[in-house]
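A.B. asks: Just so it is clear, I am handing over upload09.cif, which has mmCIF, C-alpha atoms and all ligand atoms.
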```cif
data_query
#
loop_
_atom_site.label_atom_id
_atom_site.label_comp_id
_atom_site.auth_asym_id
_atom_site.auth_seq_id
_atom_site.Cartn_x
_atom_site.Cartn_y
_atom_site.Cartn_z
CA MET A 1 -10.73 -15.92 14.94
CA ALA A 2 -9.45 -14.45 11.70
CA ALA A 3 -10.23 -10.76 11.31
CA TYR A 4 -10.99 -11.27 7.62
CA PRO A 5 -12.30 -14.84 7.22
CA ASN A 6 -13.42 -14.31 3.64
CA VAL A 7 -10.43 -12.37 2.31
CA ARG A 8 -9.61 -13.37 -1.27
CA PHE A 9 -7.51 -12.36 -4.25
CA LEU A 10 -9.62 -10.55 -6.84
CA LYS A 11 -7.38 -9.65 -9.76
CA SER A 12 -4.11 -8.21 -11.04
CA ALA A 13 -4.02 -5.17 -13.29
CA HIS A 14 -1.29 -4.19 -15.70
CA GLU A 15 -3.32 -1.31 -17.13
CA PRO A 16 -5.88 1.08 -15.57
CA SER A 17 -8.58 -0.51 -17.76
CA GLN A 18 -8.02 -3.73 -15.79
CA PHE A 19 -8.63 -2.18 -12.36
CA CYS A 20 -11.53 -3.65 -10.35
CA GLU A 21 -14.87 -1.91 -10.50
CA ASP A 22 -14.49 1.36 -8.61
CA PHE A 23 -17.14 1.12 -5.88
CA GLY A 24 -17.09 0.81 -2.10
CA VAL A 25 -13.80 1.52 -0.34
CA GLU A 26 -10.23 0.39 -0.75
CA VAL A 27 -6.94 0.98 1.03
CA ALA A 28 -3.72 0.86 -0.97
CA PHE A 29 -0.35 -0.40 0.27
CA ALA A 30 2.56 1.38 -1.37
CA GLY A 31 6.26 1.69 -0.70
CA ARG A 32 9.72 1.13 -2.00
CA SER A 33 10.53 -2.17 -3.59
CA ASN A 34 11.32 -4.87 -1.00
CA SER A 35 10.10 -2.70 1.91
CA GLY A 36 7.67 -5.43 3.01
CA LYS A 37 4.31 -4.36 1.48
CA SER A 38 3.12 -7.83 0.54
CA SER A 39 4.30 -9.25 3.87
CA ALA A 40 2.45 -6.46 5.71
CA ILE A 41 -0.77 -7.28 3.84
CA ASN A 42 -0.43 -10.97 4.73
CA THR A 43 0.21 -10.13 8.39
CA VAL A 44 -2.69 -7.68 8.66
CA VAL A 45 -5.17 -10.11 7.09
CA HIS A 46 -3.63 -13.07 8.91
CA ARG A 47 -2.93 -15.14 5.81
CA LYS A 48 0.43 -16.64 4.99
CA ASP A 49 0.58 -16.35 1.25
CA LEU A 50 -2.28 -14.17 0.05
CA ALA A 51 0.06 -11.54 -1.40
CA ARG A 52 3.20 -12.96 -3.00
CA THR A 53 6.42 -12.01 -1.22
CA SER A 54 10.01 -12.38 -2.33
CA LYS A 55 13.61 -11.72 -1.38
CA THR A 56 14.10 -10.31 -4.88
CA PRO A 57 13.11 -6.64 -5.14
CA GLY A 58 10.44 -5.87 -7.72
CA ARG A 59 8.34 -8.97 -7.03
CA THR A 60 4.98 -7.18 -7.21
CA GLN A 61 4.84 -5.71 -10.71
CA LEU A 62 1.09 -5.41 -11.09
CA VAL A 63 -1.63 -3.68 -9.13
CA ASN A 64 -3.15 -6.54 -7.11
CA PHE A 65 -6.66 -6.26 -5.68
CA PHE A 66 -7.89 -8.27 -2.68
CA GLU A 67 -11.39 -8.33 -1.25
CA LEU A 68 -11.60 -8.10 2.54
CA ARG A 69 -15.39 -8.00 2.72
CA PRO A 70 -17.96 -7.15 0.04
CA GLY A 71 -17.21 -3.58 -1.07
CA GLN A 72 -13.97 -3.39 0.94
CA ARG A 73 -10.61 -4.01 -0.71
CA LEU A 74 -6.88 -3.91 -0.15
CA VAL A 75 -4.57 -3.03 -3.02
CA ASP A 76 -0.94 -4.16 -3.26
CA LEU A 77 0.82 -1.60 -5.45
CA PRO A 78 4.09 -2.26 -7.31
CA GLY A 79 7.16 -1.17 -5.37
CA TYR A 80 9.05 1.90 -6.49
CA GLY A 81 12.68 2.92 -6.43
CA PHE A 82 14.08 -0.36 -7.69
CA ALA A 83 17.23 0.71 -9.55
CA GLN A 84 17.40 -2.26 -11.92
CA VAL A 85 14.03 -1.62 -13.54
CA PRO A 86 14.44 -0.66 -17.22
CA PRO A 87 13.31 2.94 -17.91
CA PRO A 88 10.28 1.98 -20.08
CA LEU A 89 8.91 -0.23 -17.28
CA ARG A 90 9.56 2.50 -14.72
CA GLU A 91 7.66 4.94 -16.91
CA HIS A 92 4.81 2.43 -17.21
CA TRP A 93 4.63 2.13 -13.40
CA ARG A 94 4.65 5.90 -13.01
CA ARG A 95 1.70 6.22 -15.40
CA LEU A 96 -0.10 3.39 -13.66
CA MET A 97 0.31 5.10 -10.26
CA ASP A 98 -0.78 8.47 -11.63
CA ALA A 99 -3.84 6.81 -13.13
CA TYR A 100 -4.58 5.00 -9.88
CA PHE A 101 -4.34 8.06 -7.65
CA GLY A 102 -5.94 10.34 -10.19
CA ALA A 103 -9.06 8.31 -10.82
CA ARG A 104 -9.81 5.87 -8.03
CA SER A 105 -12.96 7.15 -6.32
CA SER A 106 -13.00 4.28 -3.83
CA LEU A 107 -9.51 5.03 -2.49
CA ALA A 108 -10.15 5.68 1.21
CA GLY A 109 -6.67 5.45 2.65
CA LEU A 110 -3.03 4.84 1.89
CA PHE A 111 -0.53 2.76 3.82
CA ILE A 112 3.11 3.51 3.04
CA ILE A 113 5.43 0.69 4.02
CA MET A 114 9.04 1.62 4.59
CA ASP A 115 11.95 -0.37 5.91
CA ALA A 116 12.53 1.27 9.30
CA ARG A 117 16.29 1.17 8.66
CA ARG A 118 15.99 3.40 5.59
CA PRO A 119 15.06 7.08 5.46
CA LEU A 120 11.82 8.39 3.95
CA ALA A 121 12.46 8.61 0.21
CA GLU A 122 11.39 11.26 -2.24
CA THR A 123 9.12 8.67 -3.87
CA ASP A 124 7.44 8.04 -0.50
CA TRP A 125 6.72 11.75 -0.26
CA ARG A 126 5.36 11.77 -3.80
CA MET A 127 2.83 9.07 -2.89
CA ILE A 128 1.94 10.90 0.34
CA GLU A 129 1.36 14.12 -1.60
CA MET A 130 -0.79 12.35 -4.21
CA ALA A 131 -2.97 10.92 -1.44
CA ARG A 132 -3.18 14.21 0.44
CA ALA A 133 -4.12 16.04 -2.74
CA ARG A 134 -7.33 14.04 -2.59
CA ALA A 135 -7.81 14.32 1.19
CA CYS A 136 -6.98 10.66 1.60
CA PRO A 137 -5.47 9.76 5.02
CA VAL A 138 -1.97 8.26 5.04
CA HIS A 139 -0.43 5.87 7.57
CA VAL A 140 3.25 4.89 7.49
CA LEU A 141 4.38 1.46 8.69
CA LEU A 142 8.01 1.41 9.79
CA SER A 143 8.57 -2.22 8.92
CA LYS A 144 11.10 -4.92 9.81
CA VAL A 145 11.57 -3.49 13.33
CA ASP A 146 12.46 -7.01 14.47
CA LYS A 147 15.87 -6.16 13.02
CA LEU A 148 16.30 -3.19 15.37
CA GLY A 149 16.94 -2.76 19.07
CA ARG A 150 14.19 -1.15 21.17
CA ASN A 151 15.94 2.17 21.63
CA GLU A 152 16.87 2.41 18.00
CA ALA A 153 13.28 1.64 16.97
CA ARG A 154 11.90 4.28 19.33
CA THR A 155 14.36 6.88 18.04
CA ILE A 156 13.38 6.12 14.43
CA LEU A 157 9.69 6.34 15.32
CA ARG A 158 10.11 9.76 16.93
CA ARG A 159 12.23 11.05 14.07
CA THR A 160 9.73 9.84 11.46
CA GLU A 161 6.81 11.35 13.40
CA ALA A 162 8.62 14.68 13.40
CA GLU A 163 9.43 14.43 9.70
CA LEU A 164 5.88 13.54 8.71
CA GLY A 165 4.18 16.11 10.92
CA GLU A 166 0.56 16.48 9.88
CA ALA A 167 1.10 14.63 6.59
CA ALA A 168 0.67 11.11 7.97
CA SER A 169 0.47 8.99 11.10
CA THR A 170 3.13 6.34 11.70
CA GLN A 171 3.94 3.26 13.81
CA LEU A 172 6.47 0.46 14.27
CA PHE A 173 5.65 -2.81 12.50
CA SER A 174 7.04 -6.27 11.91
CA ALA A 175 5.59 -9.00 9.74
CA LEU A 176 7.96 -11.41 11.45
CA SER A 177 7.22 -10.73 15.12
CA ARG A 178 3.74 -9.32 14.38
CA GLU A 179 4.58 -6.21 16.38
CA GLY A 180 2.09 -3.45 15.63
CA VAL A 181 -0.41 -5.63 13.81
CA ASP A 182 -3.38 -4.66 16.02
CA GLN A 183 -2.60 -0.96 15.65
CA ALA A 184 -2.27 -1.32 11.87
CA ARG A 185 -5.58 -3.17 11.69
CA SER A 186 -7.40 -0.51 13.67
CA VAL A 187 -6.06 2.23 11.37
CA LEU A 188 -7.11 0.14 8.38
CA GLU A 189 -10.60 -0.34 9.82
CA ARG A 190 -10.94 3.40 10.40
CA MET A 191 -10.02 4.07 6.77
CA LEU A 192 -12.45 1.42 5.54
CA ALA A 193 -15.25 2.98 7.58
CA ARG A 194 -15.33 5.89 5.14
CA GLU A 195 -18.22 5.91 2.74
CA GLY A 196 -17.34 5.10 -0.85
CA PRO A 197 -19.20 5.28 -4.15
CA VAL A 198 -21.94 2.72 -4.80
CA PRO A 199 -21.76 0.36 -7.82
CA GLY A 200 -22.55 2.18 -11.06
CA GLU A 201 -21.62 5.56 -9.61
CA GLU A 202 -17.91 5.15 -9.99
CA LEU A 203 -15.33 7.44 -11.57
CA SER A 204 -16.55 10.82 -10.48
CA LEU A 205 -12.91 11.93 -10.68
CA VAL A 206 -11.23 12.95 -13.91
CA GLN A 207 -9.38 10.13 -15.65
CA PRO A 208 -5.90 11.37 -16.57
CA TRP A 209 -5.32 8.56 -19.07
CA GLU A 210 -7.06 7.55 -22.25
CA ALA A 211 -7.35 3.96 -23.37
CA PRO A 212 -5.17 3.45 -26.46
CA GLY A 213 -6.98 3.43 -29.81
N1 LIG B 301 12.87 -9.54 9.17
C1 LIG B 301 11.80 -9.15 8.46
N2 LIG B 301 11.76 -9.37 7.14
C2 LIG B 301 10.66 -8.95 6.45
C3 LIG B 301 9.58 -8.26 7.08
N3 LIG B 301 8.67 -7.94 6.13
C4 LIG B 301 9.15 -8.42 4.97
N4 LIG B 301 10.35 -9.02 5.15
C5 LIG B 301 11.19 -9.65 4.12
O1 LIG B 301 11.54 -8.66 3.15
C6 LIG B 301 11.51 -9.21 1.82
C7 LIG B 301 10.55 -8.42 0.95
O2 LIG B 301 9.23 -8.58 1.46
P1 LIG B 301 7.95 -8.33 0.53
O3 LIG B 301 6.77 -8.36 1.43
O4 LIG B 301 7.97 -9.26 -0.64
O5 LIG B 301 8.24 -6.84 0.06
P2 LIG B 301 7.47 -5.96 -1.04
O6 LIG B 301 7.55 -4.56 -0.55
O7 LIG B 301 6.12 -6.51 -1.27
O8 LIG B 301 8.43 -6.16 -2.29
P3 LIG B 301 8.10 -5.87 -3.86
O9 LIG B 301 6.77 -6.46 -4.17
O10 LIG B 301 9.23 -6.56 -4.53
O11 LIG B 301 8.15 -4.39 -4.02
C8 LIG B 301 11.14 -10.68 1.99
O12 LIG B 301 12.33 -11.45 2.02
C9 LIG B 301 10.43 -10.72 3.34
O13 LIG B 301 10.49 -11.97 3.98
C10 LIG B 301 9.66 -8.04 8.50
O14 LIG B 301 8.79 -7.46 9.15
N5 LIG B 301 10.79 -8.51 9.13
MG MG B 302 5.24 -7.10 -3.04
#
```
Please go through the file and, once you have read it, give me the structure as structure tokens.
Ligand SMILES: Nc1nc2c(ncn2[C@@H]2O[C@H](COP(=O)(O)OP(=O)(O)OP(=O)(O)O)[C@@H](O)[C@H]2O)c(=O)[nH]1
Ligand SMILES: [Mg+2]

C.D. replies:
Amino acid sequence: MAAYPNVRFLKSAHEPSQFCEDFGVEVAFAGRSNSGKSSAINTVVHRKDLARTSKTPGRTQLVNFFELRPGQRLVDLPGYGFAQVPPPLREHWRRLMDAYFGARSSLAGLFIIMDARRPLAETDWRMIEMARARACPVHVLLSKVDKLGRNEARTILRRTEAELGEAASTQLFSALSREGVDQARSVLERMLAREGPVPGEELSLVQPWEAPG
């Protein structure tokens, strides 16, 4: 049986003012462009095309909200580190992420998706630090491990565990072979079990942005 039979797309936001109402709990999926965030979401919720995936980096350009159950959401964040993004758009994304992490009361956990074949990037650390600054647990998925041999995958896992230390937990993952999906789901469920704000009580955190005008 599907773990999330009623999962559905809620909305896309280009600006903080378009974010979903900030109540309950949500877990955000972040990571470098093309690292496999949208694929990981689809695998974890057991839906083929809920989050749009693409071979072209920079596919997810908006903050996409999905409802898992009433008051429980997943958020697909735009990928970072894509070199061909024009500077104004990159600056827009940076502001959007700052606004998201700075003001989202319902944020209960962060998944960082990284291609297991690439090292942890400075931008990954920046996201980890933003989450930790608000005592939000972080879990790193080392994705696309179907492209690695067993020994290589194990070595990368141990190295990443050592690098992350107390900052985050980590695991091997593949959207293709579904390796690690049960583990990822149980971490997600633990994050979602945190208590979030109730409707109408949102935004207890300071909003770092101001709506224009
Ligand atoms: N072999 C393999 N390919 C994968 C895996 N996960 C994702 N991919 C492929 O990697 C590419 C990017 O996947 P997406 O899920 O769209 O990545 P994303 O991080 O959401 O990308 P942006 O939204 O552009 O930042 C696609 O061609 C996927 O099919 C995996 O576990 N194994
Ligand atoms: Mg995506």

A.B. asks: Using all atoms listed in the file, which residues of the polymer chains come no farther than 10 Å from ligand LIG 301 (chain B)? I'd like the answer as a VMD selection string.

C.D. replies: chain A and resid 29 to 43 51 to 62 76 to 82 112 to 116 141 to 148 172 to 179

A.B. asks: Just to be explicit: take each residue in the selection above, keep C-alpha atoms, and write the result as a PDB file, in the coordinates of the input.

C.D. replies:
```pdb
ATOM      1  CA  PHE A  29      -0.350  -0.400   0.270  1.00  0.00           C
ATOM      2  CA  ALA A  30       2.560   1.380  -1.370  1.00  0.00           C
ATOM      3  CA  GLY A  31       6.260   1.690  -0.700  1.00  0.00           C
ATOM      4  CA  ARG A  32       9.720   1.130  -2.000  1.00  0.00           C
ATOM      5  CA  SER A  33      10.530  -2.170  -3.590  1.00  0.00           C
ATOM      6  CA  ASN A  34      11.320  -4.870  -1.000  1.00  0.00           C
ATOM      7  CA  SER A  35      10.100  -2.700   1.910  1.00  0.00           C
ATOM      8  CA  GLY A  36       7.670  -5.430   3.010  1.00  0.00           C
ATOM      9  CA  LYS A  37       4.310  -4.360   1.480  1.00  0.00           C
ATOM     10  CA  SER A  38       3.120  -7.830   0.540  1.00  0.00           C
ATOM     11  CA  SER A  39       4.300  -9.250   3.870  1.00  0.00           C
ATOM     12  CA  ALA A  40       2.450  -6.460   5.710  1.00  0.00           C
ATOM     13  CA  ILE A  41      -0.770  -7.280   3.840  1.00  0.00           C
ATOM     14  CA  ASN A  42      -0.430 -10.970   4.730  1.00  0.00           C
ATOM     15  CA  THR A  43       0.210 -10.130   8.390  1.00  0.00           C
ATOM     16  CA  ALA A  51       0.060 -11.540  -1.400  1.00  0.00           C
ATOM     17  CA  ARG A  52       3.200 -12.960  -3.000  1.00  0.00           C
ATOM     18  CA  THR A  53       6.420 -12.010  -1.220  1.00  0.00           C
ATOM     19  CA  SER A  54      10.010 -12.380  -2.330  1.00  0.00           C
ATOM     20  CA  LYS A  55      13.610 -11.720  -1.380  1.00  0.00           C
ATOM     21  CA  THR A  56      14.100 -10.310  -4.880  1.00  0.00           C
ATOM     22  CA  PRO A  57      13.110  -6.640  -5.140  1.00  0.00           C
ATOM     23  CA  GLY A  58      10.440  -5.870  -7.720  1.00  0.00           C
ATOM     24  CA  ARG A  59       8.340  -8.970  -7.030  1.00  0.00           C
ATOM     25  CA  THR A  60       4.980  -7.180  -7.210  1.00  0.00           C
ATOM     26  CA  GLN A  61       4.840  -5.710 -10.710  1.00  0.00           C
ATOM     27  CA  LEU A  62       1.090  -5.410 -11.090  1.00  0.00           C
ATOM     28  CA  ASP A  76      -0.940  -4.160  -3.260  1.00  0.00           C
ATOM     29  CA  LEU A  77       0.820  -1.600  -5.450  1.00  0.00           C
ATOM     30  CA  PRO A  78       4.090  -2.260  -7.310  1.00  0.00           C
ATOM     31  CA  GLY A  79       7.160  -1.170  -5.370  1.00  0.00           C
ATOM     32  CA  TYR A  80       9.050   1.900  -6.490  1.00  0.00           C
ATOM     33  CA  GLY A  81      12.680   2.920  -6.430  1.00  0.00           C
ATOM     34  CA  PHE A  82      14.080  -0.360  -7.690  1.00  0.00           C
ATOM     35  CA  ILE A 112       3.110   3.510   3.040  1.00  0.00           C
ATOM     36  CA  ILE A 113       5.430   0.690   4.020  1.00  0.00           C
ATOM     37  CA  MET A 114       9.040   1.620   4.590  1.00  0.00           C
ATOM     38  CA  ASP A 115      11.950  -0.370   5.910  1.00  0.00           C
ATOM     39  CA  ALA A 116      12.530   1.270   9.300  1.00  0.00           C
ATOM     40  CA  LEU A 141       4.380   1.460   8.690  1.00  0.00           C
ATOM     41  CA  LEU A 142       8.010   1.410   9.790  1.00  0.00           C
ATOM     42  CA  SER A 143       8.570  -2.220   8.920  1.00  0.00           C
ATOM     43  CA  LYS A 144      11.100  -4.920   9.810  1.00  0.00           C
ATOM     44  CA  VAL A 145      11.570  -3.490  13.330  1.00  0.00           C
ATOM     45  CA  ASP A 146      12.460  -7.010  14.470  1.00  0.00           C
ATOM     46  CA  LYS A 147      15.870  -6.160  13.020  1.00  0.00           C
ATOM     47  CA  LEU A 148      16.300  -3.190  15.370  1.00  0.00           C
ATOM     48  CA  LEU A 172       6.470   0.460  14.270  1.00  0.00           C
ATOM     49  CA  PHE A 173       5.650  -2.810  12.500  1.00  0.00           C
ATOM     50  CA  SER A 174       7.040  -6.270  11.910  1.00  0.00           C
ATOM     51  CA  ALA A 175       5.590  -9.000   9.740  1.00  0.00           C
ATOM     52  CA  LEU A 176       7.960 -11.410  11.450  1.00  0.00           C
ATOM     53  CA  SER A 177       7.220 -10.730  15.120  1.00  0.00           C
ATOM     54  CA  ARG A 178       3.740  -9.320  14.380  1.00  0.00           C
ATOM     55  CA  GLU A 179       4.580  -6.210  16.380  1.00  0.00           C
TER      56      GLU A 179
END
```

A.B. asks: Using all atoms listed in the file - which residues lie no farther than 12 Å from the point (-6.6, 15.1, -2.5) in the file's frame? Write them as a list in words.

C.D. replies: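 Protein and nucleic acid residues near the point are Phe101, Gly102, Ala103, Arg104, Ser105, Leu107, Ala108, Gly109, Leu110, Met127, Ile128, Glu129, Met130, Ala131, Arg132, Ala133, Arg134, Ala135, Cys136, Pro137, Val138, Ala167 and Leu205 of chain A.
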
A.B. asks: Deliver the residues from the most recent selection as a file, using C-alpha atoms, as a PDB file, in the coordinates of the input.

C.D. replies:
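Saved file out-v4.pdb follows:
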```pdb
ATOM      1  CA  PHE A 101      -4.340   8.060  -7.650  1.00  0.00           C
ATOM      2  CA  GLY A 102      -5.940  10.340 -10.190  1.00  0.00           C
ATOM      3  CA  ALA A 103      -9.060   8.310 -10.820  1.00  0.00           C
ATOM      4  CA  ARG A 104      -9.810   5.870  -8.030  1.00  0.00           C
ATOM      5  CA  SER A 105     -12.960   7.150  -6.320  1.00  0.00           C
ATOM      6  CA  LEU A 107      -9.510   5.030  -2.490  1.00  0.00           C
ATOM      7  CA  ALA A 108     -10.150   5.680   1.210  1.00  0.00           C
ATOM      8  CA  GLY A 109      -6.670   5.450   2.650  1.00  0.00           C
ATOM      9  CA  LEU A 110      -3.030   4.840   1.890  1.00  0.00           C
ATOM     10  CA  MET A 127       2.830   9.070  -2.890  1.00  0.00           C
ATOM     11  CA  ILE A 128       1.940  10.900   0.340  1.00  0.00           C
ATOM     12  CA  GLU A 129       1.360  14.120  -1.600  1.00  0.00           C
ATOM     13  CA  MET A 130      -0.790  12.350  -4.210  1.00  0.00           C
ATOM     14  CA  ALA A 131      -2.970  10.920  -1.440  1.00  0.00           C
ATOM     15  CA  ARG A 132      -3.180  14.210   0.440  1.00  0.00           C
ATOM     16  CA  ALA A 133      -4.120  16.040  -2.740  1.00  0.00           C
ATOM     17  CA  ARG A 134      -7.330  14.040  -2.590  1.00  0.00           C
ATOM     18  CA  ALA A 135      -7.810  14.320   1.190  1.00  0.00           C
ATOM     19  CA  CYS A 136      -6.980  10.660   1.600  1.00  0.00           C
ATOM     20  CA  PRO A 137      -5.470   9.760   5.020  1.00  0.00           C
ATOM     21  CA  VAL A 138      -1.970   8.260   5.040  1.00  0.00           C
ATOM     22  CA  ALA A 167       1.100  14.630   6.590  1.00  0.00           C
ATOM     23  CA  LEU A 205     -12.910  11.930 -10.680  1.00  0.00           C
TER      24      LEU A 205
END
```

A.B. asks: Nearest to ligand MG 302 (chain B): which of A:Glu152, A:Asn64, A:Arg185, A:Glu195 is it, counting all atoms listed in the file?

C.D. replies: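 Residue with the minimum atom-to-atom distance to ligand MG 302 (chain B): A:Asn64.
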
A.B. asks: For the atom pair atom CA of A:Leu96 and atom CA of A:Ala13, what is the interatomic distance in Å to one decimal place?

C.D. replies: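 Pair atom CA of A:Leu96 / atom CA of A:Ala13 returns 9.4 Å.
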
A.B. asks: For the atom pair atom CA of A:Asn6 and atom CA of A:Leu68, what is the interatomic distance in Å to one decimal place?

C.D. replies: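 The value is 6.6 Å.
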
A.B. asks: Mind pulling up the distance from atom CA of A:Arg73 to atom CA of A:Asp22?

C.D. replies: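 Spanning atom CA of A:Asp22 to atom CA of A:Arg73 is a straight-line distance of 10.3 Å.
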
A.B. asks: Could you check the closest approach to A:Leu74 for each of A:Arg159, A:Leu192, A:Glu91, A:Ala99 and tell me which residue wins, using all atoms listed in the file?

C.D. replies: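 Nearest to A:Leu74: A:Leu192.
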
A.B. asks: Could you give me, as a list in words, the residues that have an atom at most 8 Å away from the point (-8.9, -11.1, 5.9) in the coordinates of the file, using all atoms listed in the file?

C.D. replies: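 Protein, DNA and RNA residues close to (-8.9, -11.1, 5.9): Ala2, Ala3, Tyr4, Pro5, Asn6, Val7, Arg8, Val44, Val45, His46, Arg47, Leu68 and Arg69 of chain A.
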
A.B. asks: Could you check which of A:Gly24, A:Pro119, A:Gly196, A:Pro16 is closest to A:Val63, using only C-alpha atoms?

C.D. replies: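 Ranked by minimum distance to A:Val63, first place goes to A:Pro16.
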
A.B. asks: Using only C-alpha atoms and all ligand atoms, which of A:Glu122, A:Glu26, A:Glu21, A:Asp49 sits nearest ligand MG 302 (chain B)?

C.D. replies: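 Answer, going by the shortest atom-to-atom distance: A:Asp49.
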
A.B. asks: From the set A:Trp125, A:Leu120, A:Val27, A:Gly149, which residue has the shortest atom-to-atom contact distance to A:Val187, counting all atoms listed in the file?

C.D. replies: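 Using all atoms listed in the file, the shortest distance to A:Val187 belongs to A:Val27.
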
A.B. asks: Need the axis-aligned box for stretch 164-176 of chain A with 6 Å each side, so what are the centre and edges in Å to one decimal, as JSON?

C.D. replies:
```
{"center_x": 4.2, "center_y": 2.5, "center_z": 10.4, "size_x": 19.5, "size_y": 39.9, "size_z": 19.7}
```

A.B. asks: Which is closest to ligand MG 302 (chain B) among A:Ser17, A:Thr160, A:Pro197, A:Leu50, if we use only C-alpha atoms and all ligand atoms?

C.D. replies: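 Checking each candidate against ligand MG 302 (chain B), we get A:Leu50 as the closest.
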
A.B. asks: Please produce stretch 151-157 of chain A, completed to all heavy atoms, as a compact mmCIF listing (two decimals), keeping the file's coordinate frame.

C.D. replies:
```
# COMPACT_ATOMS: atom_id res chain seq x y z
N ASN A 151 15.63 0.74 21.60
CA ASN A 151 15.94 2.17 21.63
C ASN A 151 16.04 2.74 20.23
O ASN A 151 15.53 3.83 19.95
CB ASN A 151 17.25 2.43 22.39
CG ASN A 151 17.04 2.28 23.88
OD1 ASN A 151 15.89 2.32 24.34
ND2 ASN A 151 18.12 2.07 24.60
N GLU A 152 16.71 1.97 19.38
CA GLU A 152 16.87 2.41 18.00
C GLU A 152 15.50 2.57 17.34
O GLU A 152 15.22 3.56 16.65
CB GLU A 152 17.70 1.35 17.26
CG GLU A 152 18.41 1.86 16.03
CD GLU A 152 19.15 0.74 15.31
OE1 GLU A 152 19.29 -0.37 15.88
OE2 GLU A 152 19.57 0.98 14.18
N ALA A 153 14.62 1.59 17.55
CA ALA A 153 13.28 1.64 16.97
C ALA A 153 12.51 2.87 17.47
O ALA A 153 11.88 3.58 16.68
CB ALA A 153 12.51 0.36 17.32
N ARG A 154 12.60 3.12 18.77
CA ARG A 154 11.90 4.28 19.33
C ARG A 154 12.43 5.59 18.76
O ARG A 154 11.66 6.50 18.46
CB ARG A 154 12.04 4.29 20.86
CG ARG A 154 10.79 3.74 21.56
CD ARG A 154 10.81 4.08 23.04
NE ARG A 154 11.96 3.46 23.72
CZ ARG A 154 11.93 2.24 24.28
NH1 ARG A 154 10.83 1.53 24.23
NH2 ARG A 154 12.99 1.75 24.87
N THR A 155 13.75 5.67 18.60
CA THR A 155 14.36 6.88 18.04
C THR A 155 13.86 7.10 16.60
O THR A 155 13.49 8.22 16.22
CB THR A 155 15.91 6.76 18.04
OG1 THR A 155 16.31 6.48 19.36
CG2 THR A 155 16.57 8.01 17.54
N ILE A 156 13.83 6.02 15.83
CA ILE A 156 13.38 6.12 14.43
C ILE A 156 11.91 6.54 14.37
O ILE A 156 11.52 7.37 13.56
CB ILE A 156 13.62 4.79 13.69
CG1 ILE A 156 15.13 4.59 13.47
CG2 ILE A 156 12.87 4.75 12.37
CD1 ILE A 156 15.53 3.24 12.95
N LEU A 157 11.11 5.98 15.29
CA LEU A 157 9.69 6.34 15.32
C LEU A 157 9.53 7.84 15.60
O LEU A 157 8.80 8.54 14.88
CB LEU A 157 8.95 5.52 16.38
CG LEU A 157 7.46 5.85 16.56
CD1 LEU A 157 6.68 5.55 15.27
CD2 LEU A 157 6.86 5.06 17.72
```
